[in-house]
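Colleague: Here you go, protein_15.cif (mmCIF, C-alpha atoms and all ligand atoms):
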```
data_entry
#
loop_
_atom_site.group_PDB
_atom_site.id
_atom_site.type_symbol
_atom_site.label_atom_id
_atom_site.label_comp_id
_atom_site.auth_asym_id
_atom_site.auth_seq_id
_atom_site.Cartn_x
_atom_site.Cartn_y
_atom_site.Cartn_z
ATOM 1 C CA MET A 956 11.484 -2.095 15.222
ATOM 2 C CA LEU A 957 11.518 -1.481 19.007
ATOM 3 C CA MET A 958 11.281 -4.375 21.456
ATOM 4 C CA THR A 959 7.759 -3.421 22.531
ATOM 5 C CA GLU A 960 6.696 -3.274 18.878
ATOM 6 C CA ARG A 961 8.216 -6.696 18.304
ATOM 7 C CA HIS A 962 6.346 -8.127 21.261
ATOM 8 C CA ARG A 963 3.108 -6.562 20.050
ATOM 9 C CA LEU A 964 3.678 -7.855 16.523
ATOM 10 C CA GLY A 965 4.155 -11.364 17.900
ATOM 11 C CA GLN A 966 0.848 -11.139 19.750
ATOM 12 C CA GLU A 967 -0.933 -9.761 16.701
ATOM 13 C CA VAL A 968 0.389 -12.447 14.379
ATOM 14 C CA ASP A 969 -0.689 -15.025 16.941
ATOM 15 C CA ALA A 970 -4.210 -13.558 16.968
ATOM 16 C CA LEU A 971 -4.256 -13.445 13.158
ATOM 17 C CA ALA A 972 -3.157 -17.067 12.984
ATOM 18 C CA ASP A 973 -5.967 -17.999 15.413
ATOM 19 C CA ARG A 974 -8.479 -16.212 13.205
ATOM 20 C CA LEU A 975 -7.156 -17.043 9.731
ATOM 21 C CA GLY A 976 -5.494 -20.397 10.341
ATOM 22 C CA ARG A 977 -1.993 -21.699 10.901
ATOM 23 C CA ASP A 978 -1.167 -23.274 7.570
ATOM 24 C CA ARG A 979 0.112 -22.194 4.154
ATOM 25 C CA THR A 980 -3.299 -21.029 2.933
ATOM 26 C CA SER A 981 -3.244 -18.340 5.616
ATOM 27 C CA LEU A 982 0.144 -16.985 4.641
ATOM 28 C CA ILE A 983 -0.927 -14.317 2.129
ATOM 29 C CA PRO A 984 -3.888 -13.041 4.190
ATOM 30 C CA ILE A 985 -1.607 -12.707 7.226
ATOM 31 C CA LEU A 986 1.120 -10.980 5.195
ATOM 32 C CA LEU A 987 -1.493 -8.548 3.868
ATOM 33 C CA GLU A 988 -2.816 -7.768 7.342
ATOM 34 C CA VAL A 989 0.654 -7.155 8.759
ATOM 35 C CA LYS A 990 1.625 -5.027 5.761
ATOM 36 C CA ARG A 991 -1.579 -2.999 6.029
ATOM 37 C CA LYS A 992 -0.947 -2.214 9.668
ATOM 38 C CA TYR A 993 2.827 -1.687 9.737
ATOM 39 C CA HIS A 994 3.391 -0.525 6.136
ATOM 40 C CA THR A 995 6.376 -2.827 5.914
ATOM 41 C CA LEU A 996 7.299 -6.503 6.106
ATOM 42 C CA ASP A 997 10.753 -6.507 7.624
ATOM 43 C CA ALA A 998 12.904 -9.535 8.399
ATOM 44 C CA PHE A 999 11.574 -9.781 11.939
ATOM 45 C CA ALA A 1000 7.952 -9.712 10.805
ATOM 46 C CA LEU A 1001 8.641 -12.436 8.243
ATOM 47 C CA GLN A 1002 10.346 -14.550 10.904
ATOM 48 C CA VAL A 1003 7.449 -14.134 13.329
ATOM 49 C CA ILE A 1004 4.960 -15.131 10.651
ATOM 50 C CA ALA A 1005 7.095 -18.126 9.688
ATOM 51 C CA ASP A 1006 7.260 -19.235 13.345
ATOM 52 C CA HIS A 1007 3.508 -18.980 13.851
ATOM 53 C CA LEU A 1008 2.657 -20.866 10.662
ATOM 54 C CA GLY A 1009 5.437 -23.436 10.933
ATOM 55 C CA ILE A 1010 6.769 -22.483 7.497
ATOM 56 C CA HIS A 1011 10.440 -21.965 6.699
ATOM 57 C CA PRO A 1012 11.350 -18.235 6.700
ATOM 58 C CA VAL A 1013 12.859 -18.575 3.211
ATOM 59 C CA GLU A 1014 9.470 -19.637 1.875
ATOM 60 C CA VAL A 1015 7.720 -16.752 3.635
ATOM 61 C CA ASN A 1016 10.287 -14.345 2.220
ATOM 62 C CA SER A 1017 9.833 -15.818 -1.274
ATOM 63 C CA VAL A 1018 6.091 -15.223 -1.181
ATOM 64 C CA ALA A 1019 6.476 -11.709 0.239
ATOM 65 C CA SER A 1020 8.999 -10.734 -2.418
ATOM 66 C CA PHE A 1021 7.080 -12.323 -5.313
ATOM 67 C CA TYR A 1022 3.937 -10.212 -5.018
ATOM 68 C CA ALA A 1023 4.379 -6.500 -5.760
ATOM 69 C CA PHE A 1024 1.548 -5.621 -3.377
ATOM 70 C CA LEU A 1025 3.494 -7.211 -0.547
ATOM 71 C CA GLY A 1026 6.762 -5.419 -1.331
ATOM 72 C CA SER A 1027 8.900 -5.792 1.767
ATOM 73 C CA GLY A 1028 10.232 -2.219 1.772
ATOM 74 C CA ARG A 1029 8.614 0.387 3.988
ATOM 75 C CA GLN A 1030 5.716 2.086 2.244
ATOM 76 C CA GLY A 1031 3.765 5.202 3.003
ATOM 77 C CA ARG A 1032 0.369 5.321 4.679
ATOM 78 C CA PHE A 1033 -0.999 5.884 1.177
ATOM 79 C CA VAL A 1034 0.413 3.801 -1.664
ATOM 80 C CA ILE A 1035 -0.512 5.386 -4.978
ATOM 81 C CA ARG A 1036 -0.229 3.060 -7.954
ATOM 82 C CA LEU A 1037 -0.673 4.558 -11.404
ATOM 83 C CA CYS A 1038 -1.387 2.261 -14.344
ATOM 84 C CA ARG A 1039 1.331 2.469 -16.960
ATOM 85 C CA THR A 1040 -0.181 0.066 -19.484
ATOM 86 C CA ILE A 1041 -0.949 1.201 -23.029
ATOM 87 C CA SER A 1042 -4.594 2.308 -22.756
ATOM 88 C CA CYS A 1043 -3.898 4.525 -19.763
ATOM 89 C CA ASP A 1044 -0.693 5.652 -21.416
ATOM 90 C CA MET A 1045 -2.687 6.870 -24.414
ATOM 91 C CA GLN A 1046 -5.270 8.578 -22.211
ATOM 92 C CA GLY A 1047 -2.953 10.956 -20.376
ATOM 93 C CA LYS A 1048 -0.983 8.862 -17.906
ATOM 94 C CA ARG A 1049 2.089 11.027 -18.461
ATOM 95 C CA ARG A 1050 0.400 14.241 -17.357
ATOM 96 C CA VAL A 1051 -0.978 12.497 -14.283
ATOM 97 C CA SER A 1052 2.386 11.007 -13.366
ATOM 98 C CA ARG A 1053 4.091 14.400 -13.677
ATOM 99 C CA GLN A 1054 1.453 15.986 -11.465
ATOM 100 C CA LEU A 1055 1.866 13.283 -8.830
ATOM 101 C CA GLU A 1056 5.639 13.686 -8.833
ATOM 102 C CA ASN A 1057 5.410 17.478 -8.664
ATOM 103 C CA ASP A 1058 2.846 17.519 -5.865
ATOM 104 C CA LEU A 1059 4.636 14.929 -3.754
ATOM 105 C CA GLY A 1060 8.229 15.900 -4.561
ATOM 106 C CA ILE A 1061 9.223 12.291 -5.225
ATOM 107 C CA THR A 1062 9.547 10.050 -8.255
ATOM 108 C CA PHE A 1063 7.960 6.666 -8.843
ATOM 109 C CA GLY A 1064 9.438 4.018 -6.586
ATOM 110 C CA GLN A 1065 9.972 6.486 -3.746
ATOM 111 C CA THR A 1066 8.260 7.337 -0.450
ATOM 112 C CA THR A 1067 7.922 10.869 0.913
ATOM 113 C CA ALA A 1068 10.253 11.751 3.784
ATOM 114 C CA ASP A 1069 7.304 12.017 6.171
ATOM 115 C CA GLY A 1070 6.319 8.442 5.342
ATOM 116 C CA LYS A 1071 2.851 9.413 4.154
ATOM 117 C CA PHE A 1072 2.954 8.655 0.429
ATOM 118 C CA THR A 1073 4.556 6.051 -1.815
ATOM 119 C CA LEU A 1074 4.389 6.291 -5.599
ATOM 120 C CA GLU A 1075 4.460 3.096 -7.643
ATOM 121 C CA TRP A 1076 3.694 1.999 -11.170
ATOM 122 C CA ALA A 1077 1.017 -0.617 -11.734
ATOM 123 C CA ASN A 1078 0.025 -2.689 -14.720
ATOM 124 C CA CYS A 1079 -3.452 -2.900 -16.172
ATOM 125 C CA MET A 1080 -6.124 -3.001 -13.480
ATOM 126 C CA GLY A 1081 -9.043 -3.651 -15.827
ATOM 127 C CA MET A 1082 -10.261 -0.065 -16.117
ATOM 128 C CA CYS A 1083 -8.810 0.482 -19.598
ATOM 129 C CA ASP A 1084 -11.904 2.265 -20.961
ATOM 130 C CA GLN A 1085 -11.794 4.756 -18.087
ATOM 131 C CA GLY A 1086 -8.118 5.647 -17.980
ATOM 132 C CA PRO A 1087 -5.914 6.978 -16.695
ATOM 133 C CA ALA A 1088 -6.562 4.756 -13.693
ATOM 134 C CA LEU A 1089 -4.842 4.724 -10.346
ATOM 135 C CA LEU A 1090 -5.177 3.033 -6.987
ATOM 136 C CA VAL A 1091 -4.838 4.713 -3.609
ATOM 137 C CA ASN A 1092 -4.350 1.727 -1.334
ATOM 138 C CA ASP A 1093 -7.405 -0.371 -2.273
ATOM 139 C CA GLN A 1094 -9.507 2.391 -3.804
ATOM 140 C CA VAL A 1095 -9.638 2.771 -7.605
ATOM 141 C CA TYR A 1096 -9.834 6.166 -9.329
ATOM 142 C CA THR A 1097 -10.601 6.458 -13.019
ATOM 143 C CA ARG A 1098 -10.395 9.204 -15.642
ATOM 144 C CA VAL A 1099 -7.798 10.863 -13.458
ATOM 145 C CA THR A 1100 -6.662 14.317 -14.529
ATOM 146 C CA PRO A 1101 -3.905 16.503 -13.083
ATOM 147 C CA GLU A 1102 -6.646 18.532 -11.353
ATOM 148 C CA LYS A 1103 -8.110 15.374 -9.818
ATOM 149 C CA VAL A 1104 -4.643 14.409 -8.548
ATOM 150 C CA HIS A 1105 -4.705 17.528 -6.408
ATOM 151 C CA GLU A 1106 -8.131 16.621 -4.966
ATOM 152 C CA ILE A 1107 -7.055 13.052 -4.258
ATOM 153 C CA LEU A 1108 -3.898 14.137 -2.452
ATOM 154 C CA GLU A 1109 -5.761 16.758 -0.442
ATOM 155 C CA ALA A 1110 -8.290 14.132 0.664
ATOM 156 C CA CYS A 1111 -5.418 11.883 1.744
ATOM 157 C CA ARG A 1112 -3.753 14.728 3.644
ATOM 158 C CA ARG A 1113 -6.973 15.466 5.531
ATOM 159 C CA VAL A 1114 -6.677 11.985 7.029
ATOM 160 C CA PHE A 1115 -3.586 13.222 8.853
ATOM 161 C CA GLY A 1116 -5.530 16.013 10.563
ATOM 162 C CA VAL A 1117 -5.134 16.356 14.329
ATOM 163 C CA HIS A 1118 -8.310 14.418 15.094
ATOM 164 C CA ALA A 1119 -8.104 11.952 12.233
ATOM 165 C CA LYS A 1120 -8.239 8.276 13.099
ATOM 166 C CA GLU A 1121 -5.904 5.763 11.460
ATOM 167 C CA SER A 1122 -8.857 3.887 9.997
ATOM 168 C CA LYS A 1123 -10.506 6.930 8.430
ATOM 169 C CA GLU A 1124 -11.301 6.353 4.774
ATOM 170 C CA VAL A 1125 -10.500 8.791 1.999
ATOM 171 C CA VAL A 1126 -13.570 9.949 0.122
ATOM 172 C CA ILE A 1127 -13.344 11.982 -3.069
ATOM 173 C CA ARG A 1128 -16.543 13.444 -4.442
HETATM 174 S S1 LIG B 1201 -4.479 -0.040 -19.322
HETATM 175 FE FE1 LIG B 1201 -4.752 1.052 -17.480
HETATM 176 S S2 LIG B 1201 -6.366 -0.008 -16.502
HETATM 177 FE FE2 LIG B 1201 -6.004 -1.156 -18.303
#
```
Written as structure tokens, that's how I'd like the structure from this file.

Modeller:
Amino acid sequence: MLMTERHRLGQEVDALADRLGRDRTSLIPILLEVKRKYHTLDAFALQVIADHLGIHPVEVNSVASFYAFLGSGRQGRFVIRLCRTISCDMQGKRRVSRQLENDLGITFGQTTADGKFTLEWANCMGMCDQGPALLVNDQVYTRVTPEKVHEILEACRRVFGVHAKESKEVVIR
């Protein structure tokens, strides 16, 4: 992280702490906000958060590493999580996972070289009767087929168009 980015991160965490609070109950919301914006929670970010909340960095690191959604490694702009639990497994998860890997050129647990997509496994997300289910960031997709994978990825890629804004949402019809 460059010095200017570090300075900016410090200011942003300070603003988040003003808005969300400066105690332990604010830790996860602040971690989520920083992760959402920077797609990573590196050692510096964890230290800054620890400083602003007055919590030991080891504790901040423990929380960040405990929750899969906060994984400290760098993730793509779109994190695709495919359910691997039994109902989705029996409803075609394997075909969907192969399609995702083929279309993105990566395997589960990896991020594309351009930093746009990360593929991860997820456990049951409560959509067992509508499997296979996957998440793209916070958005749930159900009854996903290999054909639908293509549509989902194309919608994500459109976000990276020349005039696309960072906050633009992906909409699949
Ligand atoms: S088994 Fe996949 S959502 Fe429940």

Colleague: Mind dumping a table of every chain A residue within 9 Å of ligand LIG 1201 (chain B), with the nearest atom pair and its distance in Å to one decimal, using only C-alpha atoms and all ligand atoms, sorted by chain and rising number, as JSON lines?

Modeller:
```
{"residue": "A:Leu1037", "atom": "CA", "partner": "B:LIG1201", "partner_atom": "FE1", "distance": 8.1}
{"residue": "A:Cys1038", "atom": "CA", "partner": "B:LIG1201", "partner_atom": "FE1", "distance": 4.8}
{"residue": "A:Arg1039", "atom": "CA", "partner": "B:LIG1201", "partner_atom": "FE1", "distance": 6.3}
{"residue": "A:Thr1040", "atom": "CA", "partner": "B:LIG1201", "partner_atom": "S1", "distance": 4.3}
{"residue": "A:Ile1041", "atom": "CA", "partner": "B:LIG1201", "partner_atom": "S1", "distance": 5.3}
{"residue": "A:Ser1042", "atom": "CA", "partner": "B:LIG1201", "partner_atom": "S1", "distance": 4.2}
{"residue": "A:Cys1043", "atom": "CA", "partner": "B:LIG1201", "partner_atom": "FE1", "distance": 4.2}
{"residue": "A:Asp1044", "atom": "CA", "partner": "B:LIG1201", "partner_atom": "S1", "distance": 7.1}
{"residue": "A:Met1045", "atom": "CA", "partner": "B:LIG1201", "partner_atom": "S1", "distance": 8.8}
{"residue": "A:Gln1046", "atom": "CA", "partner": "B:LIG1201", "partner_atom": "FE1", "distance": 8.9}
{"residue": "A:Lys1048", "atom": "CA", "partner": "B:LIG1201", "partner_atom": "FE1", "distance": 8.7}
{"residue": "A:Ala1077", "atom": "CA", "partner": "B:LIG1201", "partner_atom": "FE1", "distance": 8.3}
{"residue": "A:Asn1078", "atom": "CA", "partner": "B:LIG1201", "partner_atom": "FE1", "distance": 6.7}
{"residue": "A:Cys1079", "atom": "CA", "partner": "B:LIG1201", "partner_atom": "FE2", "distance": 3.8}
{"residue": "A:Met1080", "atom": "CA", "partner": "B:LIG1201", "partner_atom": "S2", "distance": 4.3}
{"residue": "A:Gly1081", "atom": "CA", "partner": "B:LIG1201", "partner_atom": "S2", "distance": 4.6}
{"residue": "A:Met1082", "atom": "CA", "partner": "B:LIG1201", "partner_atom": "S2", "distance": 3.9}
{"residue": "A:Cys1083", "atom": "CA", "partner": "B:LIG1201", "partner_atom": "FE2", "distance": 3.5}
{"residue": "A:Asp1084", "atom": "CA", "partner": "B:LIG1201", "partner_atom": "FE2", "distance": 7.3}
{"residue": "A:Gln1085", "atom": "CA", "partner": "B:LIG1201", "partner_atom": "S2", "distance": 7.4}
{"residue": "A:Gly1086", "atom": "CA", "partner": "B:LIG1201", "partner_atom": "FE1", "distance": 5.7}
{"residue": "A:Pro1087", "atom": "CA", "partner": "B:LIG1201", "partner_atom": "FE1", "distance": 6.1}
{"residue": "A:Ala1088", "atom": "CA", "partner": "B:LIG1201", "partner_atom": "S2", "distance": 5.5}
{"residue": "A:Leu1089", "atom": "CA", "partner": "B:LIG1201", "partner_atom": "S2", "distance": 7.9}
{"residue": "A:Thr1097", "atom": "CA", "partner": "B:LIG1201", "partner_atom": "S2", "distance": 8.5}
```

Colleague: For the atom pair atom CA of Asp969 of chain A and atom CA of Asn1016 of chain A, what is the interatomic distance in Å to one decimal place?

Modeller: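 If I compute the distance from atom CA of Asp969 of chain A to atom CA of Asn1016 of chain A, I get 18.4 Å.
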
Colleague: Give as a ChimeraX atom specification each residue that has an atom at most 12 Å from (-7.5, 10.9, -10.8) in the file, counting only C-alpha atoms.

Modeller: /A:1035-1038,1043,1046-1048,1050-1052,1054-1055,1085-1091,1094-1108,1110,1127-1128

Colleague: So what do you get for atom CA of Asn1057 of chain A versus atom CA of Phe1072 of chain A, distance-wise?

Modeller: 12.9 Å

Colleague: Kindly resolve the PyMOL selection byres (((chain A and resi 1061) around 12) and not hetatm) on the present coordinates and return the residues as a PyMOL selection string.

Modeller: chain A and resi 1035+1052-1060+1062-1075

Colleague: Given the selection you just returned, output its residues as a file containing C-alpha atoms, formatted as a short mmCIF file (atom, residue, chain, number, x, y, z; two decimals), keeping the file's coordinate frame.

Modeller:
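Dumped to again23.cif:
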```cif
data_model
loop_
_atom_site.label_atom_id
_atom_site.label_comp_id
_atom_site.auth_asym_id
_atom_site.auth_seq_id
_atom_site.Cartn_x
_atom_site.Cartn_y
_atom_site.Cartn_z
CA ILE A 1035 -0.51 5.39 -4.98
CA SER A 1052 2.39 11.01 -13.37
CA ARG A 1053 4.09 14.40 -13.68
CA GLN A 1054 1.45 15.99 -11.46
CA LEU A 1055 1.87 13.28 -8.83
CA GLU A 1056 5.64 13.69 -8.83
CA ASN A 1057 5.41 17.48 -8.66
CA ASP A 1058 2.85 17.52 -5.86
CA LEU A 1059 4.64 14.93 -3.75
CA GLY A 1060 8.23 15.90 -4.56
CA THR A 1062 9.55 10.05 -8.26
CA PHE A 1063 7.96 6.67 -8.84
CA GLY A 1064 9.44 4.02 -6.59
CA GLN A 1065 9.97 6.49 -3.75
CA THR A 1066 8.26 7.34 -0.45
CA THR A 1067 7.92 10.87 0.91
CA ALA A 1068 10.25 11.75 3.78
CA ASP A 1069 7.30 12.02 6.17
CA GLY A 1070 6.32 8.44 5.34
CA LYS A 1071 2.85 9.41 4.15
CA PHE A 1072 2.95 8.65 0.43
CA THR A 1073 4.56 6.05 -1.82
CA LEU A 1074 4.39 6.29 -5.60
CA GLU A 1075 4.46 3.10 -7.64
#
```

Colleague: At what distance in Å, to one decimal, does atom CA of Trp1076 of chain A lie from atom CA of Glu1014 of chain A?

Modeller: 25.9 Å
